[in-house]
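Novice: After the structure tokens below, expect a handful of questions from me.
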Amino acid sequence: MVHQKAQPSEVLVLTLAAGIAVQSAVQEIDSRVLPDLKWPNDLLITGRKFCGILTEMSAEATRVRYIVVGIGINVNQREFPDELAQTATSLRLSTGAEWSRVELCAALLKSLDREYKALLSGAVSRADILRRFEEQSSSTRDRQVHVEENGGFEGVTAGLDSRGFLQVRTDTGMRTVLSGTVRLK
């Protein structure tokens with residue numbers, strides 16, 4: 001459910017908040033696991049993806065009808081196909097132990113509820129979410145990236161703008177990444 005006054009521009013902030021919630025839930029179960037947030041919708045462990053977040057919205061120009069956030073977590077996979085083996089991981093592969101999906105789901109629902117209520121109540125602002133995402137992400141600042149948008153370009157990440165979009169410093173100046181795949185180099 002989305003607050004009646006939510007604007008279409010809020011969908012990115014909700015995606016970033018969902019990433020923070022997943023990170024928090026995983027660390028609640030095992031504090032030794034250090035998930036890294038990769039803008040805008042992936043979580044990595046030691047550089048390999050274990051979680052993806054997809055956010056879909058139905059909106060008019062100034063009003064959101066609804067937002068659906070889908071979260072996929074690789075929990076107990078023991079292996080991946082050859083084409084994914086170098087880029088994907090699971091919580092089990094990362095820790096060497098089987099995880100309770102029920103325990104993880106409960107922790108995730110609590111964490112999502114906490115983030116969403118704080119955002120709705122005003123206890124947490126958009127700026128707070130952006131700051132926290134940047135602090136908990138190794139890829140939003142000072143990382144060489146290749147962006148597959150508008151024909152592709154390369155540069156160094158320079159943080160998030162006030163809307164939550166990734167800033168990339170290129171040879172021709174600062175560019176804002178609105179969509180597209182960002183590959184870490």
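Chain lettering (A, B, ...) mirrors the order of the structure tokens, residue numbering begins at 1 for each chain separately, and ligand numbering begins at 1 in order of display.
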Leaving out A:Val182 and any residue of its chain fewer than 4 positions from it, which residues lie within 12 Å of it when counting only C-alpha atoms, given as a ChimeraX atom specification?
Specialist: /A:38-42,139-140,143-149,152-157,165-168,176-178
Novice: I need the chosen residues saved as a PDB file, in the first residue's frame, with C-alpha atoms.
Specialist:
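Writing the result to result.pdb gives the following:
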ATOM      1  CA  LYS A  38      24.545  -1.992  -5.849  1.00  0.00           C
ATOM      2  CA  TRP A  39      22.514   0.834  -7.343  1.00  0.00           C
ATOM      3  CA  PRO A  40      19.633   0.677  -7.897  1.00  0.00           C
ATOM      4  CA  ASN A  41      18.292  -2.790  -7.159  1.00  0.00           C
ATOM      5  CA  ASP A  42      20.881  -5.490  -6.455  1.00  0.00           C
ATOM      6  CA  SER A 139      29.508   1.219  -5.732  1.00  0.00           C
ATOM      7  CA  THR A 140      27.916   4.678  -5.519  1.00  0.00           C
ATOM      8  CA  ARG A 143      33.980   3.169  -8.608  1.00  0.00           C
ATOM      9  CA  GLN A 144      34.845   2.689 -12.269  1.00  0.00           C
ATOM     10  CA  VAL A 145      31.672   1.674 -14.101  1.00  0.00           C
ATOM     11  CA  HIS A 146      30.349   0.967 -17.558  1.00  0.00           C
ATOM     12  CA  VAL A 147      26.762   2.160 -18.004  1.00  0.00           C
ATOM     13  CA  GLU A 148      24.648   0.467 -20.657  1.00  0.00           C
ATOM     14  CA  GLU A 149      22.393   3.451 -21.354  1.00  0.00           C
ATOM     15  CA  GLY A 152      26.899   3.117 -23.239  1.00  0.00           C
ATOM     16  CA  PHE A 153      29.542   5.153 -21.464  1.00  0.00           C
ATOM     17  CA  GLU A 154      32.209   4.784 -18.798  1.00  0.00           C
ATOM     18  CA  GLY A 155      33.147   6.855 -15.816  1.00  0.00           C
ATOM     19  CA  VAL A 156      33.538   7.017 -12.044  1.00  0.00           C
ATOM     20  CA  THR A 157      30.531   7.034  -9.715  1.00  0.00           C
ATOM     21  CA  PHE A 165      19.700   8.683  -9.499  1.00  0.00           C
ATOM     22  CA  LEU A 166      23.341   7.672  -9.868  1.00  0.00           C
ATOM     23  CA  GLN A 167      25.843  10.357 -10.851  1.00  0.00           C
ATOM     24  CA  VAL A 168      28.800   9.314 -13.014  1.00  0.00           C
ATOM     25  CA  THR A 176      22.975  11.159 -14.465  1.00  0.00           C
ATOM     26  CA  VAL A 177      22.011   7.501 -14.852  1.00  0.00           C
ATOM     27  CA  LEU A 178      18.233   7.262 -15.047  1.00  0.00           C
TER      28      LEU A 178
END
Novice: Quick one: residues within 6 Å of stretch 65-74 of chain A, only C-alpha atoms, excluding same-chain residues fewer than 6 positions away - as a CSV table (one decimal) with N, CA and C atoms, in the first residue's frame?
Specialist:
chain,number,residue,atom,x,y,z
A,50,PHE,N,23.3,-11.8,-5.0
A,50,PHE,CA,22.4,-12.8,-4.3
A,50,PHE,C,21.0,-12.3,-4.2
A,51,CYS,N,20.7,-11.1,-4.6
A,51,CYS,CA,19.4,-10.5,-4.4
A,51,CYS,C,19.1,-9.5,-5.5
A,52,GLY,N,17.9,-9.5,-6.0
A,52,GLY,CA,17.5,-8.5,-7.0
A,52,GLY,C,16.1,-8.0,-6.6
A,53,ILE,N,15.9,-6.7,-6.8
A,53,ILE,CA,14.7,-6.0,-6.4
A,53,ILE,C,14.1,-5.4,-7.7
A,54,LEU,N,12.8,-5.7,-7.9
A,54,LEU,CA,12.1,-5.1,-9.1
A,54,LEU,C,10.9,-4.3,-8.5
A,55,THR,N,10.8,-3.1,-8.9
A,55,THR,CA,9.7,-2.3,-8.5
A,55,THR,C,8.8,-1.8,-9.7
A,56,GLU,N,7.5,-2.1,-9.6
A,56,GLU,CA,6.6,-1.7,-10.7
A,56,GLU,C,5.6,-0.8,-10.1
A,57,MET,N,5.2,0.2,-10.9
A,57,MET,CA,4.3,1.2,-10.4
A,57,MET,C,3.1,1.4,-11.5
A,58,SER,N,2.0,1.7,-11.0
A,58,SER,CA,0.9,2.2,-11.8
A,58,SER,C,0.6,3.6,-11.3
A,59,ALA,N,0.7,4.6,-12.2
A,59,ALA,CA,0.6,6.0,-11.8
A,59,ALA,C,0.0,6.9,-12.9
A,90,SER,N,24.7,-17.4,-3.3
A,90,SER,CA,23.5,-17.6,-2.4
A,90,SER,C,24.0,-17.3,-1.0
Novice: Using Å and a single decimal, report how far atom CA of A:Gly164 sits from atom CA of A:Asp36.
Specialist: 16.9 Å
Novice: Would you give me, as a ChimeraX atom specification, the residues in stretch 53-178 of chain A that DSSP reads as strand (DSSP E)?
Specialist: /A:53-59,64-73,141-148,153-160,166-170,173-177
Novice: Kindly save the residues from that selection, with C-alpha atoms included, as an mmCIF file, in the first residue's frame.
Specialist:
data_model
loop_
_atom_site.group_PDB
_atom_site.id
_atom_site.type_symbol
_atom_site.label_atom_id
_atom_site.label_comp_id
_atom_site.auth_asym_id
_atom_site.auth_seq_id
_atom_site.Cartn_x
_atom_site.Cartn_y
_atom_site.Cartn_z
ATOM 1 C CA ILE A 53 14.664 -6.050 -6.428
ATOM 2 C CA LEU A 54 12.093 -5.103 -9.062
ATOM 3 C CA THR A 55 9.669 -2.259 -8.480
ATOM 4 C CA GLU A 56 6.631 -1.680 -10.663
ATOM 5 C CA MET A 57 4.252 1.220 -10.426
ATOM 6 C CA SER A 58 0.869 2.213 -11.782
ATOM 7 C CA ALA A 59 0.571 5.984 -11.766
ATOM 8 C CA VAL A 64 0.613 6.809 -7.673
ATOM 9 C CA ARG A 65 -2.145 4.208 -7.816
ATOM 10 C CA TYR A 66 0.052 1.426 -6.477
ATOM 11 C CA ILE A 67 3.626 0.215 -6.261
ATOM 12 C CA VAL A 68 4.632 -3.442 -6.169
ATOM 13 C CA VAL A 69 8.085 -4.353 -4.883
ATOM 14 C CA GLY A 70 9.374 -7.817 -5.771
ATOM 15 C CA ILE A 71 12.416 -9.172 -3.955
ATOM 16 C CA GLY A 72 14.249 -12.286 -5.099
ATOM 17 C CA ILE A 73 16.864 -13.737 -2.774
ATOM 18 C CA ARG A 141 31.163 6.602 -5.035
ATOM 19 C CA ASP A 142 34.603 6.365 -6.615
ATOM 20 C CA ARG A 143 33.980 3.169 -8.608
ATOM 21 C CA GLN A 144 34.845 2.689 -12.269
ATOM 22 C CA VAL A 145 31.672 1.674 -14.101
ATOM 23 C CA HIS A 146 30.349 0.967 -17.558
ATOM 24 C CA VAL A 147 26.762 2.160 -18.004
ATOM 25 C CA GLU A 148 24.648 0.467 -20.657
ATOM 26 C CA PHE A 153 29.542 5.153 -21.464
ATOM 27 C CA GLU A 154 32.209 4.784 -18.798
ATOM 28 C CA GLY A 155 33.147 6.855 -15.816
ATOM 29 C CA VAL A 156 33.538 7.017 -12.044
ATOM 30 C CA THR A 157 30.531 7.034 -9.715
ATOM 31 C CA ALA A 158 29.983 10.294 -7.839
ATOM 32 C CA GLY A 159 27.067 9.565 -5.503
ATOM 33 C CA LEU A 160 23.308 9.928 -5.842
ATOM 34 C CA LEU A 166 23.341 7.672 -9.868
ATOM 35 C CA GLN A 167 25.843 10.357 -10.851
ATOM 36 C CA VAL A 168 28.800 9.314 -13.014
ATOM 37 C CA ARG A 169 31.784 11.548 -13.760
ATOM 38 C CA THR A 170 32.918 10.986 -17.372
ATOM 39 C CA GLY A 173 31.372 15.837 -17.611
ATOM 40 C CA MET A 174 28.849 14.612 -15.052
ATOM 41 C CA ARG A 175 26.082 12.308 -16.289
ATOM 42 C CA THR A 176 22.975 11.159 -14.465
ATOM 43 C CA VAL A 177 22.011 7.501 -14.852
#
Novice: Excluding A:Thr95 and its own-chain neighbours fewer than 6 positions away, which residues fall within 10 Å of it when counting only C-alpha atoms? Please give them as a PDB file with N, CA and C atoms, in the first residue's frame.
Specialist:
ATOM      1  N   ASP A  30      22.515 -13.136  10.375  1.00  0.00           N
ATOM      2  CA  ASP A  30      23.935 -13.465  10.514  1.00  0.00           C
ATOM      3  C   ASP A  30      24.751 -12.185  10.315  1.00  0.00           C
ATOM      4  N   ARG A  32      27.751 -11.649  10.400  1.00  0.00           N
ATOM      5  CA  ARG A  32      29.026 -11.805   9.696  1.00  0.00           C
ATOM      6  C   ARG A  32      28.877 -11.579   8.190  1.00  0.00           C
ATOM      7  N   VAL A  33      27.659 -11.677   7.683  1.00  0.00           N
ATOM      8  CA  VAL A  33      27.400 -11.469   6.261  1.00  0.00           C
ATOM      9  C   VAL A  33      27.313  -9.969   6.014  1.00  0.00           C
TER      10      VAL A  33
END
Novice: Enter the distance from atom CA of A:Arg163 to atom CA of A:Glu134, in Å, rounded to one decimal.
Specialist: 12.9 Å
Novice: Neighbouring residues of A:Ala97 were defined as those with any atom within 12 Å, considering only C-alpha atoms; residues of the same chain fewer than 3 positions away were excluded. Please report them as a PDB file with N, CA and C atoms, in the first residue's frame.
Specialist:
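Result went into around.pdb, see below:
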ATOM      1  N   ILE A  29      20.000 -11.900  10.772  1.00  0.00           N
ATOM      2  CA  ILE A  29      20.132 -13.361  10.869  1.00  0.00           C
ATOM      3  C   ILE A  29      21.589 -13.755  11.103  1.00  0.00           C
ATOM      4  N   ASP A  30      22.515 -13.136  10.375  1.00  0.00           N
ATOM      5  CA  ASP A  30      23.935 -13.465  10.514  1.00  0.00           C
ATOM      6  C   ASP A  30      24.751 -12.185  10.315  1.00  0.00           C
ATOM      7  N   VAL A  33      27.659 -11.677   7.683  1.00  0.00           N
ATOM      8  CA  VAL A  33      27.400 -11.469   6.261  1.00  0.00           C
ATOM      9  C   VAL A  33      27.313  -9.969   6.014  1.00  0.00           C
ATOM     10  N   VAL A  75      18.711 -18.063  -1.563  1.00  0.00           N
ATOM     11  CA  VAL A  75      18.899 -18.430  -0.160  1.00  0.00           C
ATOM     12  C   VAL A  75      19.763 -19.676  -0.015  1.00  0.00           C
ATOM     13  N   ASN A  76      19.273 -20.818  -0.446  1.00  0.00           N
ATOM     14  CA  ASN A  76      19.986 -22.076  -0.175  1.00  0.00           C
ATOM     15  C   ASN A  76      20.512 -22.788  -1.416  1.00  0.00           C
ATOM     16  N   GLN A  77      20.687 -22.073  -2.514  1.00  0.00           N
ATOM     17  CA  GLN A  77      21.252 -22.700  -3.707  1.00  0.00           C
ATOM     18  C   GLN A  77      22.665 -23.191  -3.401  1.00  0.00           C
ATOM     19  N   ARG A  78      22.963 -24.392  -3.894  1.00  0.00           N
ATOM     20  CA  ARG A  78      24.292 -24.975  -3.691  1.00  0.00           C
ATOM     21  C   ARG A  78      25.207 -24.726  -4.887  1.00  0.00           C
ATOM     22  N   SER A  90      24.657 -17.416  -3.289  1.00  0.00           N
ATOM     23  CA  SER A  90      23.508 -17.554  -2.391  1.00  0.00           C
ATOM     24  C   SER A  90      23.999 -17.341  -0.965  1.00  0.00           C
ATOM     25  N   LEU A  91      23.054 -17.151  -0.069  1.00  0.00           N
ATOM     26  CA  LEU A  91      23.427 -16.997   1.341  1.00  0.00           C
ATOM     27  C   LEU A  91      24.121 -18.270   1.838  1.00  0.00           C
ATOM     28  N   ARG A  92      23.637 -19.419   1.390  1.00  0.00           N
ATOM     29  CA  ARG A  92      24.252 -20.685   1.793  1.00  0.00           C
ATOM     30  C   ARG A  92      25.698 -20.789   1.297  1.00  0.00           C
ATOM     31  N   LEU A  93      25.909 -20.488   0.013  1.00  0.00           N
ATOM     32  CA  LEU A  93      27.273 -20.556  -0.527  1.00  0.00           C
ATOM     33  C   LEU A  93      28.196 -19.569   0.178  1.00  0.00           C
ATOM     34  N   SER A  94      27.677 -18.421   0.539  1.00  0.00           N
ATOM     35  CA  SER A  94      28.489 -17.389   1.175  1.00  0.00           C
ATOM     36  C   SER A  94      28.838 -17.698   2.621  1.00  0.00           C
ATOM     37  N   SER A 100      17.240 -20.644   7.236  1.00  0.00           N
ATOM     38  CA  SER A 100      15.794 -20.822   7.362  1.00  0.00           C
ATOM     39  C   SER A 100      15.102 -19.733   6.549  1.00  0.00           C
TER      40      SER A 100
END
Novice: Could you give me, as JSON, numbers by chain, the residues within 7 Å of A:Leu37, counting only C-alpha atoms and dropping anything in the same chain fewer than 3 positions from it?
Specialist: {"A": [19, 42, 43, 44, 136, 137]}
Novice: Which of stretch 17-168 of chain A end up as alpha helix (DSSP H) when DSSP is run on this backbone - answer as a ChimeraX atom specification?
Specialist: /A:17-29,91-95,101-121,126-135
Novice: Keeping C-alpha atoms for every residue in the selection just given, could you write it to a file as a compact mmCIF listing (two decimals), in the first residue's frame?
Specialist:
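And here is the file that came out, part_36.txt:
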# COMPACT_ATOMS: atom_id res chain seq x y z
CA ALA A 17 14.73 1.54 0.92
CA ALA A 18 13.86 -2.07 0.03
CA GLY A 19 17.55 -2.74 -0.57
CA ILE A 20 18.40 -1.30 2.84
CA ALA A 21 15.68 -3.51 4.36
CA VAL A 22 17.09 -6.67 2.74
CA GLN A 23 20.58 -5.79 3.94
CA SER A 24 19.29 -5.24 7.47
CA ALA A 25 17.31 -8.51 7.50
CA VAL A 26 20.28 -10.58 6.34
CA GLN A 27 22.54 -9.01 8.96
CA GLU A 28 19.91 -9.62 11.64
CA ILE A 29 20.13 -13.36 10.87
CA LEU A 91 23.43 -17.00 1.34
CA ARG A 92 24.25 -20.69 1.79
CA LEU A 93 27.27 -20.56 -0.53
CA SER A 94 28.49 -17.39 1.17
CA THR A 95 28.18 -18.70 4.72
CA ARG A 101 13.64 -19.19 4.71
CA VAL A 102 10.92 -18.62 7.32
CA GLU A 103 13.32 -16.81 9.66
CA LEU A 104 14.72 -14.73 6.80
CA CYS A 105 11.23 -13.89 5.51
CA ALA A 106 10.08 -12.80 8.99
CA ALA A 107 13.18 -10.61 9.43
CA LEU A 108 12.65 -9.13 5.96
CA LEU A 109 8.97 -8.34 6.55
CA LYS A 110 9.83 -6.61 9.83
CA SER A 111 12.62 -4.65 8.19
CA LEU A 112 10.44 -3.62 5.21
CA ASP A 113 7.65 -2.58 7.58
CA ARG A 114 10.08 -0.50 9.65
CA GLU A 115 11.51 1.28 6.58
CA TYR A 116 8.09 1.92 5.01
CA LYS A 117 6.46 3.21 8.20
CA ALA A 118 9.41 5.50 8.90
CA LEU A 119 9.21 6.91 5.38
CA LEU A 120 5.43 7.45 5.56
CA SER A 121 5.52 9.02 9.01
CA ARG A 126 14.14 10.78 1.17
CA ALA A 127 17.53 12.38 1.93
CA ASP A 128 18.01 9.97 4.87
CA ILE A 129 17.38 6.95 2.63
CA LEU A 130 19.76 8.26 -0.04
CA ARG A 131 22.46 8.94 2.57
CA ARG A 132 22.06 5.50 4.15
CA PHE A 133 22.11 3.79 0.75
CA GLU A 134 25.32 5.62 -0.19
CA GLU A 135 26.94 4.80 3.16
Novice: Of the candidates A:Leu34, A:Glu10, A:Thr87, A:Glu98, which one gets nearest to A:Ser162 if we count only C-alpha atoms?
Specialist: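 Distance minimum relative to A:Ser162 lands on A:Glu10.
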